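Enquirer: Provided below: start32.cif, containing mmCIF, C-alpha atoms and all ligand atoms.
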```
data_protein
loop_
_atom_site.label_atom_id
_atom_site.label_comp_id
_atom_site.auth_asym_id
_atom_site.auth_seq_id
_atom_site.Cartn_x
_atom_site.Cartn_y
_atom_site.Cartn_z
CA MET A 506 -19.60 -0.54 -5.67
CA THR A 507 -20.25 -3.22 -3.05
CA GLU A 508 -20.09 -5.77 -5.88
CA GLY A 509 -16.70 -7.50 -5.64
CA ILE A 510 -16.06 -6.16 -2.13
CA ARG A 511 -18.71 -7.73 0.13
CA ASP A 512 -17.44 -10.89 1.89
CA LYS A 513 -13.97 -10.57 0.37
CA ILE A 514 -11.03 -11.35 2.66
CA VAL A 515 -8.61 -8.44 2.28
CA VAL A 516 -5.16 -8.16 3.86
CA VAL A 517 -3.84 -4.59 4.11
CA THR A 518 -0.28 -3.68 5.14
CA GLY A 519 0.32 -0.20 6.53
CA ALA A 520 -3.23 -0.29 7.86
CA SER A 521 -2.43 1.81 10.94
CA SER A 522 -2.35 5.12 9.11
CA ARG A 523 -3.77 7.22 6.29
CA LEU A 524 -4.04 5.34 2.97
CA GLY A 525 -4.19 1.87 4.50
CA GLU A 526 -6.54 2.92 7.27
CA ALA A 527 -8.90 4.77 4.91
CA THR A 528 -8.95 1.75 2.61
CA ALA A 529 -9.69 -0.69 5.41
CA ARG A 530 -12.48 1.59 6.63
CA LEU A 531 -14.12 1.92 3.19
CA LEU A 532 -13.83 -1.81 2.39
CA SER A 533 -15.19 -2.76 5.80
CA ALA A 534 -18.13 -0.39 5.31
CA HIS A 535 -18.83 -2.23 2.03
CA GLY A 536 -18.83 -5.64 3.74
CA ALA A 537 -15.25 -6.87 3.29
CA THR A 538 -13.43 -8.70 6.06
CA VAL A 539 -10.17 -6.86 6.68
CA VAL A 540 -6.94 -8.24 8.08
CA LEU A 541 -4.88 -5.30 9.29
CA GLY A 542 -1.07 -5.34 9.35
CA ALA A 543 1.39 -2.69 10.63
CA ARG A 544 3.76 -2.24 13.57
CA ARG A 545 1.52 -0.03 15.76
CA ALA A 546 -0.66 -2.67 17.40
CA ASP A 547 -2.76 -0.18 19.39
CA ARG A 548 -3.95 1.56 16.24
CA LEU A 549 -4.78 -1.74 14.54
CA GLU A 550 -6.69 -2.99 17.58
CA SER A 551 -8.79 0.14 17.83
CA LEU A 552 -9.57 0.05 14.11
CA ALA A 553 -10.59 -3.61 14.33
CA LYS A 554 -12.86 -2.76 17.30
CA GLU A 555 -14.38 0.15 15.37
CA PHE A 556 -15.20 -2.12 12.39
CA GLU A 557 -16.61 -4.86 14.63
CA GLY A 558 -18.72 -2.22 16.35
CA HIS A 559 -20.36 -1.58 12.99
CA GLY A 560 -21.01 -5.28 12.44
CA GLY A 561 -17.88 -5.91 10.37
CA LYS A 562 -15.21 -8.60 10.70
CA ALA A 563 -11.59 -7.58 11.25
CA LEU A 564 -8.34 -9.01 12.53
CA ALA A 565 -5.36 -6.99 13.80
CA VAL A 566 -1.96 -8.62 13.30
CA THR A 567 1.15 -6.73 14.39
CA THR A 568 3.47 -6.90 11.39
CA ASP A 569 6.81 -5.46 10.41
CA VAL A 570 6.92 -5.85 6.62
CA THR A 571 10.72 -5.94 6.63
CA ARG A 572 10.45 -9.29 8.42
CA ARG A 573 9.55 -11.98 5.93
CA GLU A 574 8.23 -14.38 8.60
CA GLN A 575 5.94 -11.67 10.02
CA VAL A 576 4.39 -10.95 6.62
CA LYS A 577 3.87 -14.68 6.16
CA ALA A 578 2.26 -14.83 9.62
CA LEU A 579 -0.07 -11.95 8.64
CA VAL A 580 -1.32 -13.77 5.56
CA ASP A 581 -1.41 -17.12 7.36
CA SER A 582 -3.65 -15.51 10.03
CA ALA A 583 -6.13 -14.60 7.30
CA MET A 584 -6.00 -18.14 5.92
CA HIS A 585 -6.30 -19.73 9.35
CA THR A 586 -9.19 -17.54 10.50
CA TYR A 587 -11.17 -17.08 7.28
CA GLY A 588 -9.93 -19.91 5.03
CA ARG A 589 -8.86 -17.79 2.05
CA ILE A 590 -7.30 -14.54 0.91
CA ASP A 591 -8.98 -12.62 -1.88
CA VAL A 592 -6.95 -9.41 -1.96
CA MET A 593 -3.44 -8.55 -0.79
CA ILE A 594 -2.85 -4.80 -0.55
CA ASN A 595 0.88 -4.09 -0.28
CA ASN A 596 0.61 -0.52 0.97
CA ALA A 597 3.18 0.00 3.77
CA GLY A 598 5.77 2.55 2.71
CA LEU A 599 8.17 5.31 3.75
CA MET A 600 9.17 8.54 2.02
CA PRO A 601 12.20 10.16 3.68
CA GLN A 602 13.71 12.58 1.15
CA ALA A 603 17.12 14.19 0.74
CA PRO A 604 19.58 14.80 -2.10
CA LEU A 605 21.82 11.81 -2.78
CA GLU A 606 24.89 13.89 -1.82
CA ARG A 607 23.61 13.85 1.79
CA LEU A 608 24.47 10.15 1.82
CA LYS A 609 21.54 9.10 4.00
CA ASN A 610 22.51 5.45 3.72
CA ASP A 611 20.26 4.35 6.57
CA GLU A 612 17.21 5.96 5.00
CA TRP A 613 18.05 4.35 1.63
CA ASP A 614 18.23 0.97 3.36
CA ARG A 615 14.93 1.51 5.15
CA MET A 616 13.11 2.61 1.99
CA ILE A 617 14.40 -0.39 0.08
CA ASP A 618 13.51 -2.72 2.96
CA VAL A 619 9.96 -1.42 3.44
CA ASN A 620 8.94 -0.18 -0.03
CA VAL A 621 10.52 -2.94 -2.13
CA LYS A 622 11.29 -5.96 0.03
CA GLY A 623 8.07 -5.46 2.01
CA VAL A 624 6.08 -5.70 -1.23
CA LEU A 625 8.03 -8.79 -2.29
CA TYR A 626 7.38 -10.44 1.06
CA GLY A 627 3.68 -9.66 0.63
CA ILE A 628 3.73 -11.31 -2.78
CA ALA A 629 5.64 -14.31 -1.40
CA ALA A 630 3.17 -14.73 1.46
CA ALA A 631 -0.04 -14.51 -0.59
CA LEU A 632 0.90 -15.94 -3.99
CA PRO A 633 0.96 -19.67 -3.10
CA HIS A 634 -2.54 -19.41 -1.56
CA MET A 635 -3.92 -17.49 -4.54
CA GLN A 636 -2.36 -20.00 -6.95
CA ARG A 637 -4.08 -22.83 -5.09
CA GLN A 638 -7.37 -20.93 -5.01
CA LYS A 639 -7.02 -20.07 -8.72
CA ALA A 640 -8.21 -16.61 -7.72
CA GLY A 641 -6.90 -13.51 -6.02
CA HIS A 642 -5.95 -9.88 -6.47
CA PHE A 643 -2.71 -8.04 -5.64
CA ILE A 644 -2.95 -4.29 -5.16
CA ASN A 645 0.52 -2.75 -4.90
CA VAL A 646 1.08 0.89 -4.01
CA SER A 647 3.47 2.90 -6.14
CA SER A 648 3.33 6.70 -6.51
CA VAL A 649 3.55 9.54 -9.00
CA ALA A 650 7.21 9.17 -7.96
CA GLY A 651 7.06 5.76 -9.67
CA HIS A 652 6.52 7.66 -12.93
CA ARG A 653 8.56 10.85 -12.40
CA VAL A 654 11.93 11.45 -10.74
CA GLY A 655 12.92 14.76 -9.17
CA PRO A 656 15.77 16.15 -7.09
CA GLY A 657 15.66 14.94 -3.51
CA PHE A 658 13.55 11.86 -4.07
CA ALA A 659 15.71 9.65 -6.26
CA VAL A 660 15.72 6.71 -3.86
CA TYR A 661 12.01 6.95 -3.05
CA ALA A 662 11.30 7.13 -6.79
CA ALA A 663 13.59 4.14 -7.40
CA THR A 664 11.60 2.08 -4.90
CA LYS A 665 8.29 3.14 -6.47
CA TYR A 666 9.55 2.38 -10.01
CA ALA A 667 10.52 -1.01 -8.59
CA VAL A 668 6.97 -1.57 -7.33
CA ARG A 669 5.65 -0.93 -10.85
CA ALA A 670 8.23 -3.27 -12.40
CA LEU A 671 7.40 -6.02 -9.91
CA SER A 672 3.68 -5.55 -10.45
CA GLU A 673 4.01 -5.76 -14.24
CA GLY A 674 6.17 -8.88 -14.00
CA LEU A 675 3.68 -10.41 -11.58
CA ARG A 676 0.78 -9.51 -13.88
CA GLN A 677 2.35 -11.42 -16.76
CA GLU A 678 3.31 -14.45 -14.66
CA VAL A 679 0.01 -15.06 -12.89
CA LYS A 680 -2.17 -15.42 -15.99
CA PRO A 681 -2.57 -19.21 -15.49
CA TYR A 682 -3.94 -18.66 -11.98
CA ASN A 683 -6.74 -16.18 -12.62
CA ILE A 684 -5.04 -13.62 -10.36
CA ARG A 685 -5.53 -9.88 -10.90
CA THR A 686 -2.82 -7.26 -10.32
CA THR A 687 -3.34 -3.56 -9.81
CA VAL A 688 -0.72 -0.93 -9.15
CA ILE A 689 -2.01 2.37 -7.80
CA SER A 690 0.14 5.51 -8.09
CA PRO A 691 -1.27 8.38 -6.04
CA GLY A 692 -0.08 11.97 -6.11
CA ALA A 693 -0.05 14.01 -2.90
CA VAL A 694 -2.45 12.55 -0.36
CA ALA A 695 -2.74 13.94 3.18
CA THR A 696 -0.53 11.66 5.21
CA GLU A 697 2.04 11.19 7.96
CA LEU A 698 4.77 10.63 5.36
CA PRO A 699 6.23 14.19 5.56
CA ASP A 700 6.73 13.66 9.32
CA PHE A 701 9.54 11.25 8.50
CA VAL A 702 11.53 13.59 6.24
CA THR A 703 14.66 14.33 8.28
CA TYR A 704 16.52 16.66 5.87
CA PRO A 705 15.30 20.16 6.91
CA ASP A 706 15.13 21.77 3.41
CA ALA A 707 13.15 18.86 1.98
CA SER A 708 10.97 18.64 5.06
CA LYS A 709 9.87 22.30 4.79
CA ARG A 710 9.31 22.06 1.02
CA ILE A 711 7.26 18.87 1.26
CA ARG A 712 5.20 20.08 4.19
CA THR A 713 4.26 23.29 2.31
CA PHE A 714 3.54 21.33 -0.87
CA TYR A 715 1.27 18.89 0.98
CA GLU A 716 -0.54 21.69 2.80
CA GLN A 717 -1.29 23.34 -0.54
CA VAL A 718 -2.32 20.43 -2.73
CA ALA A 719 -2.86 17.15 -0.85
CA VAL A 720 -6.23 15.42 -1.15
CA PRO A 721 -7.81 13.17 1.52
CA ALA A 722 -6.83 9.51 1.87
CA ASP A 723 -10.28 8.29 0.87
CA SER A 724 -9.28 9.21 -2.73
CA PHE A 725 -6.95 6.22 -2.56
CA ALA A 726 -9.56 4.01 -0.89
CA ARG A 727 -11.99 4.73 -3.74
CA ALA A 728 -9.33 3.73 -6.30
CA VAL A 729 -8.92 0.40 -4.48
CA ALA A 730 -12.68 -0.09 -4.38
CA PHE A 731 -12.91 0.69 -8.12
CA ALA A 732 -10.30 -1.95 -8.99
CA MET A 733 -11.89 -4.56 -6.71
CA SER A 734 -15.43 -3.95 -7.90
CA GLN A 735 -14.78 -4.74 -11.55
CA PRO A 736 -16.19 -8.03 -12.89
CA PRO A 737 -13.74 -10.91 -12.28
CA GLU A 738 -12.71 -11.01 -15.94
CA VAL A 739 -11.64 -7.34 -15.84
CA ASP A 740 -8.16 -6.63 -14.46
CA VAL A 741 -7.46 -2.94 -13.82
CA ASN A 742 -3.66 -2.91 -13.98
CA GLU A 743 -2.68 0.72 -13.41
CA ILE A 744 -4.28 3.71 -11.74
CA LEU A 745 -2.37 7.01 -11.65
CA TYR A 746 -4.10 9.97 -10.05
CA ARG A 747 -3.13 13.38 -8.70
CA PRO A 748 -4.82 16.20 -6.84
CA THR A 749 -6.29 18.46 -9.51
CA ARG A 750 -3.91 21.20 -8.32
CA GLN A 751 -0.74 19.08 -8.49
CA GLU A 752 1.56 19.99 -11.38
CA LEU A 753 4.54 17.54 -11.19
N1 LIG B 1 0.51 10.08 0.94
C1 LIG B 1 1.01 10.29 -0.25
O1 LIG B 1 1.10 11.42 -0.73
C2 LIG B 1 1.43 9.12 -1.08
C3 LIG B 1 1.62 9.32 -2.45
C4 LIG B 1 2.05 8.27 -3.22
C5 LIG B 1 2.24 7.03 -2.65
N2 LIG B 1 2.07 6.86 -1.32
C6 LIG B 1 2.31 5.53 -0.76
O2 LIG B 1 1.19 5.14 0.00
C7 LIG B 1 1.59 4.18 0.97
C8 LIG B 1 0.97 4.53 2.32
O3 LIG B 1 1.49 5.76 2.76
P1 LIG B 1 0.67 6.81 3.62
O4 LIG B 1 0.57 8.04 2.83
O5 LIG B 1 -0.57 6.21 4.17
O6 LIG B 1 1.78 7.07 4.76
P2 LIG B 1 1.72 6.97 6.34
O7 LIG B 1 0.53 7.72 6.83
O8 LIG B 1 3.07 7.38 6.83
O9 LIG B 1 1.53 5.42 6.55
C9 LIG B 1 2.56 4.51 6.30
C10 LIG B 1 2.09 3.16 6.76
O10 LIG B 1 3.14 2.23 6.51
C11 LIG B 1 3.33 1.49 7.69
N3 LIG B 1 4.72 1.03 7.81
C12 LIG B 1 5.84 1.75 7.74
N4 LIG B 1 6.92 0.97 7.96
C13 LIG B 1 6.43 -0.28 8.19
C14 LIG B 1 7.00 -1.53 8.49
N5 LIG B 1 8.33 -1.70 8.62
N6 LIG B 1 6.17 -2.59 8.67
C15 LIG B 1 4.85 -2.46 8.56
N7 LIG B 1 4.24 -1.32 8.26
C16 LIG B 1 5.02 -0.24 8.09
C17 LIG B 1 2.97 2.41 8.84
O11 LIG B 1 2.55 1.65 9.96
P3 LIG B 1 3.40 1.46 11.32
O12 LIG B 1 4.23 2.70 11.51
O13 LIG B 1 2.33 1.29 12.36
O14 LIG B 1 4.21 0.22 11.11
C18 LIG B 1 1.78 3.13 8.25
O15 LIG B 1 0.60 2.39 8.46
C19 LIG B 1 3.13 4.18 0.96
O16 LIG B 1 3.58 3.08 0.21
C20 LIG B 1 3.46 5.48 0.23
O17 LIG B 1 4.71 5.43 -0.39
C21 LIG B 1 1.64 7.88 -0.53
#
```
The structure in this file should be written as structure tokens.
Expert:
Amino acid sequence: MTEGIRDKIVVVTGASSRLGEATARLLSAHGATVVLGARRADRLESLAKEFEGHGGKALAVTTDVTRREQVKALVDSAMHTYGRIDVMINNAGLMPQAPLERLKNDEWDRMIDVNVKGVLYGIAAALPHMQRQKAGHFINVSSVAGHRVGPGFAVYAATKYAVRALSEGLRQEVKPYNIRTTVISPGAVATELPDFVTYPDASKRIRTFYEQVAVPADSFARAVAFAMSQPPEVDVNEILYRPTRQEL
């Protein structure tokens, strides 16, 4: 498993919480250098300290992925400090849910800004470096909701379908540059996401659903490690997984 992970320079957005944090922890344990991006600086700093305490290398860079220049600064920090970027994990995301008729325009805007534009800014920041290096790996985070739509999560699903579309387009376009692209679509993973569901009916339903079926965040981290640890000529493009108990 360490093959393809040790000494890799990996930038992770949304590294301050569940999926991103678990991924950074697993990759660091396997010898990767991790560059951590999210808005909550205190969480990033303490993670970086934890990894350094175990002999790892880590950098905490406060980043709002809706700000193009901040995502560029995150990737540029990796380049400046370590000289290259091997993997860009576009993980930051939000999942507020409500029926469309509730007209939660602000939440629609935020989901599009973070889940779609944030991923695009991550691609924009890392792609020129990877093209120059003639090597690199994008890992973009979609969801089961990027494969299935249901009442109450149309906009979230739209953003996650968009991540898959962008990832497939990217996959086809980066062939000349020896760049790999993986899109990972998890089912219910224990997370802070339900905390941000403001519509009471949806909030209760999601909380109960997550309590019943969600699996730990290291399930996602292992999927990342699997994709990274393939031989360079093998490009794992899609991983879709669910808790064994999840029906939808
Ligand atoms: N958990 C699940 O069941 C599940 C299933 C399918 C897909 N996903 C996807 O997995 C990804 C990670 O979610 P999670 O489950 O780990 O949720 P989470 O615990 O709520 O973490 C979300 C992460 O995104 C970051 N983030 C949010 N807005 C941001 C912004 N404007 N700029 C930078 N970072 C921002 C948060 O950091 P700060 O608040 O510190 O900025 C946090 O680190 C998301 O894309 C989500 O859609 C999750």
Enquirer: Rank A:Trp613, A:Phe725, A:Phe556, A:Phe714 by their smallest atom-to-atom distance to Arg523 of chain A, using all atoms listed in the file, and report the top residue only.
Expert: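 When distances to Arg523 of chain A are compared using all atoms listed in the file, the smallest one comes from A:Phe725.
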Enquirer: Which residue gives the smallest distance to ligand LIG 1 (chain B) among A:Ser648, A:Ser533, A:Gln636, A:Thr703, with only C-alpha atoms and all ligand atoms counted?
Expert: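 Checking each of A:Ser648, A:Ser533, A:Gln636, A:Thr703 against ligand LIG 1 (chain B), counting only C-alpha atoms and all ligand atoms, the winner is A:Ser648.
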Enquirer: Within 6 Å of ligand LIG 1 (chain B) (counting only C-alpha atoms and all ligand atoms), which residues show up? I'd like them as a ChimeraX atom specification.
Expert: /A:518-525,543-545,568-571,596-600,619,646-648,690-698
Enquirer: Edge lengths and centre in Å to one decimal, as JSON, of the axis-aligned box that encloses all listed atoms of segment 717-736 of chain A with 6 Å added on every side?
Expert:
```
{"center_x": -8.7, "center_y": 7.7, "center_z": -5.5, "size_x": 26.9, "size_y": 43.4, "size_z": 26.8}
```
Enquirer: Can you tell me how far atom CA of Gly509 of chain A sits from atom CA of Ile590 of chain A, in Å to one decimal?
Expert: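 If I compute the distance from atom CA of Gly509 of chain A to atom CA of Ile590 of chain A, I get 13.4 Å.
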Enquirer: So the first atom is atom CA of Pro601 of chain A and the second is atom CA of Val515 of chain A; what is the distance between them in Å, to one decimal place?
Expert: 27.9 Å
Enquirer: Measuring atom to atom with all atoms listed in the file, identify which of A:Ala726, A:Leu552, A:Val741, A:Val592 is nearest to Ala631 of chain A.
Expert: A:Val592
Enquirer: So which one's closest to Thr686 of chain A, A:Gln575, A:Asn645, A:Ser708, A:Thr538? Using only C-alpha atoms, please.
Expert: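 So, comparing all the options, the nearest one is A:Asn645.
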Enquirer: Which residue is closest to Lys639 of chain A? Choose from A:Lys680, A:Arg710, A:Lys622, A:Arg607 and count all atoms listed in the file.
Expert: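 For Lys639 of chain A, the nearest of the candidates is A:Lys680.
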